[in-house]
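Trainee: I'm passing along input_2.cif; it holds mmCIF, C-alpha atoms.
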```
data_query
loop_
_atom_site.group_PDB
_atom_site.id
_atom_site.type_symbol
_atom_site.label_atom_id
_atom_site.label_comp_id
_atom_site.auth_asym_id
_atom_site.auth_seq_id
_atom_site.Cartn_x
_atom_site.Cartn_y
_atom_site.Cartn_z
ATOM 1 C CA MET C 12 222.479 46.943 98.689
ATOM 2 C CA GLU C 13 225.467 49.095 97.954
ATOM 3 C CA ASN C 14 225.129 51.023 101.263
ATOM 4 C CA ALA C 15 225.169 47.856 103.402
ATOM 5 C CA GLY C 16 227.798 49.285 105.800
ATOM 6 C CA ALA C 17 226.147 52.695 106.141
ATOM 7 C CA ARG C 18 224.218 53.901 109.162
ATOM 8 C CA ILE C 19 220.938 55.801 109.272
ATOM 9 C CA ARG C 20 218.807 57.582 111.872
ATOM 10 C CA ILE C 21 216.435 55.205 113.654
ATOM 11 C CA ASP C 22 213.370 57.315 112.824
ATOM 12 C CA LYS C 23 214.214 57.241 109.106
ATOM 13 C CA TRP C 24 214.949 53.518 109.215
ATOM 14 C CA LEU C 25 211.625 52.692 110.903
ATOM 15 C CA TRP C 26 209.862 54.715 108.221
ATOM 16 C CA HIS C 27 211.874 53.215 105.313
ATOM 17 C CA ALA C 28 211.224 49.689 106.652
ATOM 18 C CA ARG C 29 207.484 50.494 106.831
ATOM 19 C CA ILE C 30 207.287 49.788 110.560
ATOM 20 C CA THR C 31 205.536 53.159 110.967
ATOM 21 C CA LYS C 32 203.398 55.109 108.506
ATOM 22 C CA THR C 33 205.226 58.400 109.020
ATOM 23 C CA ARG C 34 208.637 59.513 110.160
ATOM 24 C CA SER C 35 207.061 61.673 112.868
ATOM 25 C CA LEU C 36 205.293 58.593 114.299
ATOM 26 C CA ALA C 37 208.643 56.790 114.298
ATOM 27 C CA ALA C 38 210.241 59.684 116.171
ATOM 28 C CA LYS C 39 207.410 59.665 118.697
ATOM 29 C CA LEU C 40 207.871 55.916 119.352
ATOM 30 C CA VAL C 41 211.551 56.530 120.023
ATOM 31 C CA GLU C 42 210.949 59.586 122.238
ATOM 32 C CA THR C 43 208.395 57.711 124.370
ATOM 33 C CA GLY C 44 210.856 54.902 125.097
ATOM 34 C CA GLN C 45 209.196 52.181 123.018
ATOM 35 C CA VAL C 46 212.342 51.375 121.034
ATOM 36 C CA ARG C 47 215.542 49.616 122.068
ATOM 37 C CA VAL C 48 218.677 49.202 119.995
ATOM 38 C CA ASN C 49 220.947 46.323 120.992
ATOM 39 C CA HIS C 50 219.073 45.983 124.320
ATOM 40 C CA ARG C 51 219.520 49.678 125.229
ATOM 41 C CA LYS C 52 216.524 51.973 125.490
ATOM 42 C CA ILE C 53 216.919 55.006 123.284
ATOM 43 C CA VAL C 54 214.997 58.281 123.397
ATOM 44 C CA LYS C 55 216.599 60.276 120.588
ATOM 45 C CA PRO C 56 215.378 59.823 117.008
ATOM 46 C CA ALA C 57 218.872 60.761 115.773
ATOM 47 C CA GLN C 58 220.309 57.486 117.156
ATOM 48 C CA GLU C 59 221.946 55.737 114.220
ATOM 49 C CA VAL C 60 221.463 52.085 113.315
ATOM 50 C CA GLY C 61 223.143 49.909 110.738
ATOM 51 C CA PRO C 62 223.430 46.328 109.562
ATOM 52 C CA GLY C 63 223.693 43.888 112.460
ATOM 53 C CA ASP C 64 221.882 46.073 115.005
ATOM 54 C CA VAL C 65 218.908 44.494 116.775
ATOM 55 C CA ILE C 66 215.850 46.691 117.291
ATOM 56 C CA THR C 67 213.139 45.844 119.809
ATOM 57 C CA ILE C 68 209.990 47.890 119.338
ATOM 58 C CA VAL C 69 206.483 47.994 120.737
ATOM 59 C CA VAL C 70 204.024 48.542 117.882
ATOM 60 C CA HIS C 71 200.256 48.053 118.078
ATOM 61 C CA ASP C 72 200.525 46.361 121.513
ATOM 62 C CA ALA C 73 202.953 43.775 120.135
ATOM 63 C CA ILE C 74 206.683 43.437 120.657
ATOM 64 C CA ARG C 75 208.746 43.026 117.502
ATOM 65 C CA VAL C 76 212.429 42.160 117.401
ATOM 66 C CA LEU C 77 214.125 43.037 114.121
ATOM 67 C CA LYS C 78 217.695 42.630 112.931
ATOM 68 C CA VAL C 79 218.769 45.410 110.566
ATOM 69 C CA THR C 80 220.157 43.992 107.315
ATOM 70 C CA ALA C 81 220.418 47.272 105.368
ATOM 71 C CA PRO C 82 219.946 50.998 106.058
ATOM 72 C CA GLY C 83 217.676 51.699 103.094
ATOM 73 C CA ILE C 84 217.923 54.739 100.877
ATOM 74 C CA ARG C 85 214.235 55.485 100.399
ATOM 75 C CA ARG C 86 210.751 54.457 101.470
ATOM 76 C CA GLY C 87 210.009 52.028 98.686
ATOM 77 C CA PRO C 88 207.349 49.399 98.132
ATOM 78 C CA ALA C 89 206.682 46.756 100.787
ATOM 79 C CA PRO C 90 208.850 44.017 99.172
ATOM 80 C CA GLU C 91 211.799 46.426 99.154
ATOM 81 C CA ALA C 92 211.126 47.424 102.764
ATOM 82 C CA ARG C 93 211.119 43.784 103.921
ATOM 83 C CA ARG C 94 214.702 43.415 102.686
ATOM 84 C CA LEU C 95 215.856 46.003 105.247
ATOM 85 C CA PHE C 96 215.350 43.661 108.207
ATOM 86 C CA GLU C 97 215.076 40.092 109.410
ATOM 87 C CA GLU C 98 212.208 39.357 111.811
ATOM 88 C CA ILE C 99 213.666 37.647 114.893
ATOM 89 C CA SER C 100 210.542 37.619 117.056
ATOM 90 C CA THR C 101 207.857 35.020 116.562
ATOM 91 C CA PRO C 102 204.425 36.273 115.559
ATOM 92 C CA GLN C 103 202.290 36.938 118.593
ATOM 93 C CA PRO C 104 198.665 35.840 118.681
ATOM 94 C CA SER C 105 195.984 38.453 118.252
ATOM 95 C CA HIS C 106 194.198 39.774 121.334
ATOM 96 C CA ALA C 107 190.849 38.958 119.727
ATOM 97 C CA ALA C 108 188.513 36.542 121.463
ATOM 98 C CA PRO C 109 188.495 32.979 120.113
ATOM 99 C CA GLN C 110 185.721 32.190 117.673
ATOM 100 C CA ASN C 111 183.437 29.186 118.162
#
```
For this file, write the structure as structure tokens.
Mentor:
Amino acid sequence: MENAGARIRIDKWLWHARITKTRSLAAKLVETGQVRVNHRKIVKPAQEVGPGDVITIVVHDAIRVLKVTAPGIRRGPAPEARRLFEEISTPQPSHAAPQN
């Protein structure tokens, strides 16, 4: 992307990357302390992130670790959103009971 060195608010980035359905939900995750940037807990949605930053987030009772690869310029389709980050965490098993 042409804006690869740019920085963007964390709430906008979470929304652009389709981690949350709305920007207000992204802001609420940040304000409630469920987001860390480069191992530091943040509580302000205006915190900026850019390429190379590592975001740790608790979403749907799972911990995801994402490395920002691009800031994004819009909330596009899912394939475009997946190019904004690299998933560092391994998928966690579901909390559902095993089936026999």
Trainee: Could you give me, as a count of residues only, the residues within 12 Å of C:Lys78, counting only C-alpha atoms and dropping anything in the same chain fewer than 4 positions from it?
Mentor: 25
Trainee: Please indicate the distance in Å from atom CA of C:Thr33 to atom CA of C:Lys55, rounded to one decimal place.
Mentor: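 Interatomic distance here is 16.3 Å.
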Trainee: If the PyMOL selection byres ((chain C and resi 29) around 10) were run on this exact file, what residues would it hold? Put them as a VMD selection string.
Mentor: chain C and resid 23 to 28 30 to 34 37 86 to 89 91 to 93 95
Trainee: So what do you get for atom CA of C:Arg51 versus atom CA of C:Leu77, distance-wise?
Mentor: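 Atom CA of C:Arg51 sits 14.0 Å away from atom CA of C:Leu77.
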Trainee: In Å, rounded to a single decimal, give me how far atom CA of C:Val54 is from atom CA of C:Arg18.
Mentor: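 Distance reported for this atom pair: 17.5 Å.
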Trainee: Would you compute an axis-aligned box for stretch 80-86 of chain C, covering every atom listed for it in the file with 6 Å of margin on each side, and report centre and edge lengths in Å to one decimal as lines of an AutoDock Vina configuration file?
Mentor:
```
center_x = 215.6
center_y = 49.7
center_z = 103.9
size_x = 21.7
size_y = 23.5
size_z = 18.9
```
Trainee: What residues come out when you apply the PyMOL selection byres ((chain C and resi 74) around 10) to this file, written as a list of chain:residue names?
Mentor: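 Matching residues under the PyMOL selection byres ((chain C and resi 74) around 10) are C:Gln45, C:Val46, C:Thr67, C:Ile68, C:Val69, C:Val70, C:His71, C:Asp72, C:Ala73, C:Arg75, C:Val76, C:Leu77, C:Ser100, C:Thr101, C:Pro102, C:Gln103.
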Trainee: Mind completing stretch 33-44 of chain C with all heavy atoms? Output as an mmCIF file, keeping the file's coordinate frame, please?
Mentor:
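The resulting file, part18.cif, is shown below:
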```cif
data_model
loop_
_atom_site.group_PDB
_atom_site.id
_atom_site.type_symbol
_atom_site.label_atom_id
_atom_site.label_comp_id
_atom_site.auth_asym_id
_atom_site.auth_seq_id
_atom_site.Cartn_x
_atom_site.Cartn_y
_atom_site.Cartn_z
ATOM 1 N N THR C 33 204.555 57.124 109.242
ATOM 2 C CA THR C 33 205.226 58.400 109.020
ATOM 3 C C THR C 33 206.506 58.454 109.841
ATOM 4 O O THR C 33 206.652 57.748 110.832
ATOM 5 C CB THR C 33 204.340 59.601 109.425
ATOM 6 O OG1 THR C 33 204.136 59.562 110.840
ATOM 7 C CG2 THR C 33 202.994 59.581 108.696
ATOM 8 N N ARG C 34 207.389 59.340 109.421
ATOM 9 C CA ARG C 34 208.637 59.513 110.160
ATOM 10 C C ARG C 34 208.364 60.156 111.513
ATOM 11 O O ARG C 34 209.023 59.838 112.500
ATOM 12 C CB ARG C 34 209.599 60.368 109.333
ATOM 13 C CG ARG C 34 210.961 60.433 109.935
ATOM 14 C CD ARG C 34 211.932 61.061 108.982
ATOM 15 N NE ARG C 34 213.125 61.483 109.684
ATOM 16 C CZ ARG C 34 214.051 62.244 109.165
ATOM 17 N NH1 ARG C 34 213.924 62.671 107.932
ATOM 18 N NH2 ARG C 34 215.097 62.591 109.866
ATOM 19 N N SER C 35 207.371 61.039 111.583
ATOM 20 C CA SER C 35 207.061 61.673 112.868
ATOM 21 C C SER C 35 206.508 60.651 113.865
ATOM 22 O O SER C 35 206.790 60.736 115.061
ATOM 23 C CB SER C 35 206.098 62.845 112.693
ATOM 24 O OG SER C 35 204.884 62.417 112.131
ATOM 25 N N LEU C 36 205.756 59.660 113.399
ATOM 26 C CA LEU C 36 205.293 58.593 114.299
ATOM 27 C C LEU C 36 206.473 57.758 114.791
ATOM 28 O O LEU C 36 206.513 57.343 115.949
ATOM 29 C CB LEU C 36 204.286 57.687 113.597
ATOM 30 C CG LEU C 36 202.880 58.230 113.429
ATOM 31 C CD1 LEU C 36 202.042 57.270 112.592
ATOM 32 C CD2 LEU C 36 202.227 58.451 114.775
ATOM 33 N N ALA C 37 207.439 57.527 113.912
ATOM 34 C CA ALA C 37 208.643 56.790 114.298
ATOM 35 C C ALA C 37 209.402 57.556 115.372
ATOM 36 O O ALA C 37 209.836 56.982 116.375
ATOM 37 C CB ALA C 37 209.529 56.552 113.085
ATOM 38 N N ALA C 38 209.543 58.858 115.179
ATOM 39 C CA ALA C 38 210.241 59.684 116.171
ATOM 40 C C ALA C 38 209.510 59.656 117.505
ATOM 41 O O ALA C 38 210.141 59.589 118.565
ATOM 42 C CB ALA C 38 210.369 61.115 115.660
ATOM 43 N N LYS C 39 208.189 59.682 117.463
ATOM 44 C CA LYS C 39 207.410 59.665 118.697
ATOM 45 C C LYS C 39 207.580 58.337 119.444
ATOM 46 O O LYS C 39 207.701 58.325 120.674
ATOM 47 C CB LYS C 39 205.934 59.905 118.390
ATOM 48 C CG LYS C 39 205.094 60.112 119.611
ATOM 49 C CD LYS C 39 203.698 60.553 119.236
ATOM 50 C CE LYS C 39 202.952 60.948 120.494
ATOM 51 N NZ LYS C 39 201.712 61.633 120.193
ATOM 52 N N LEU C 40 207.627 57.212 118.716
ATOM 53 C CA LEU C 40 207.871 55.916 119.352
ATOM 54 C C LEU C 40 209.211 55.923 120.079
ATOM 55 O O LEU C 40 209.325 55.418 121.195
ATOM 56 C CB LEU C 40 207.871 54.796 118.311
ATOM 57 C CG LEU C 40 206.539 54.253 117.867
ATOM 58 C CD1 LEU C 40 206.741 53.229 116.759
ATOM 59 C CD2 LEU C 40 205.784 53.627 119.015
ATOM 60 N N VAL C 41 210.216 56.475 119.424
ATOM 61 C CA VAL C 41 211.551 56.530 120.023
ATOM 62 C C VAL C 41 211.532 57.429 121.264
ATOM 63 O O VAL C 41 212.013 57.046 122.328
ATOM 64 C CB VAL C 41 212.591 57.026 119.004
ATOM 65 C CG1 VAL C 41 213.934 57.251 119.673
ATOM 66 C CG2 VAL C 41 212.717 56.035 117.851
ATOM 67 N N GLU C 42 210.957 58.620 121.133
ATOM 68 C CA GLU C 42 210.949 59.586 122.238
ATOM 69 C C GLU C 42 210.176 59.097 123.454
ATOM 70 O O GLU C 42 210.464 59.487 124.578
ATOM 71 C CB GLU C 42 210.374 60.917 121.757
ATOM 72 C CG GLU C 42 211.282 61.627 120.782
ATOM 73 C CD GLU C 42 210.624 62.787 120.058
ATOM 74 O OE1 GLU C 42 209.371 62.927 120.130
ATOM 75 O OE2 GLU C 42 211.353 63.551 119.406
ATOM 76 N N THR C 43 209.186 58.231 123.248
ATOM 77 C CA THR C 43 208.395 57.711 124.370
ATOM 78 C C THR C 43 208.976 56.429 124.952
ATOM 79 O O THR C 43 208.351 55.786 125.790
ATOM 80 C CB THR C 43 206.928 57.477 123.952
ATOM 81 O OG1 THR C 43 206.885 56.563 122.855
ATOM 82 C CG2 THR C 43 206.248 58.781 123.578
ATOM 83 N N GLY C 44 210.164 56.039 124.504
ATOM 84 C CA GLY C 44 210.856 54.902 125.097
ATOM 85 C C GLY C 44 210.363 53.542 124.647
ATOM 86 O O GLY C 44 210.590 52.553 125.337
#
```
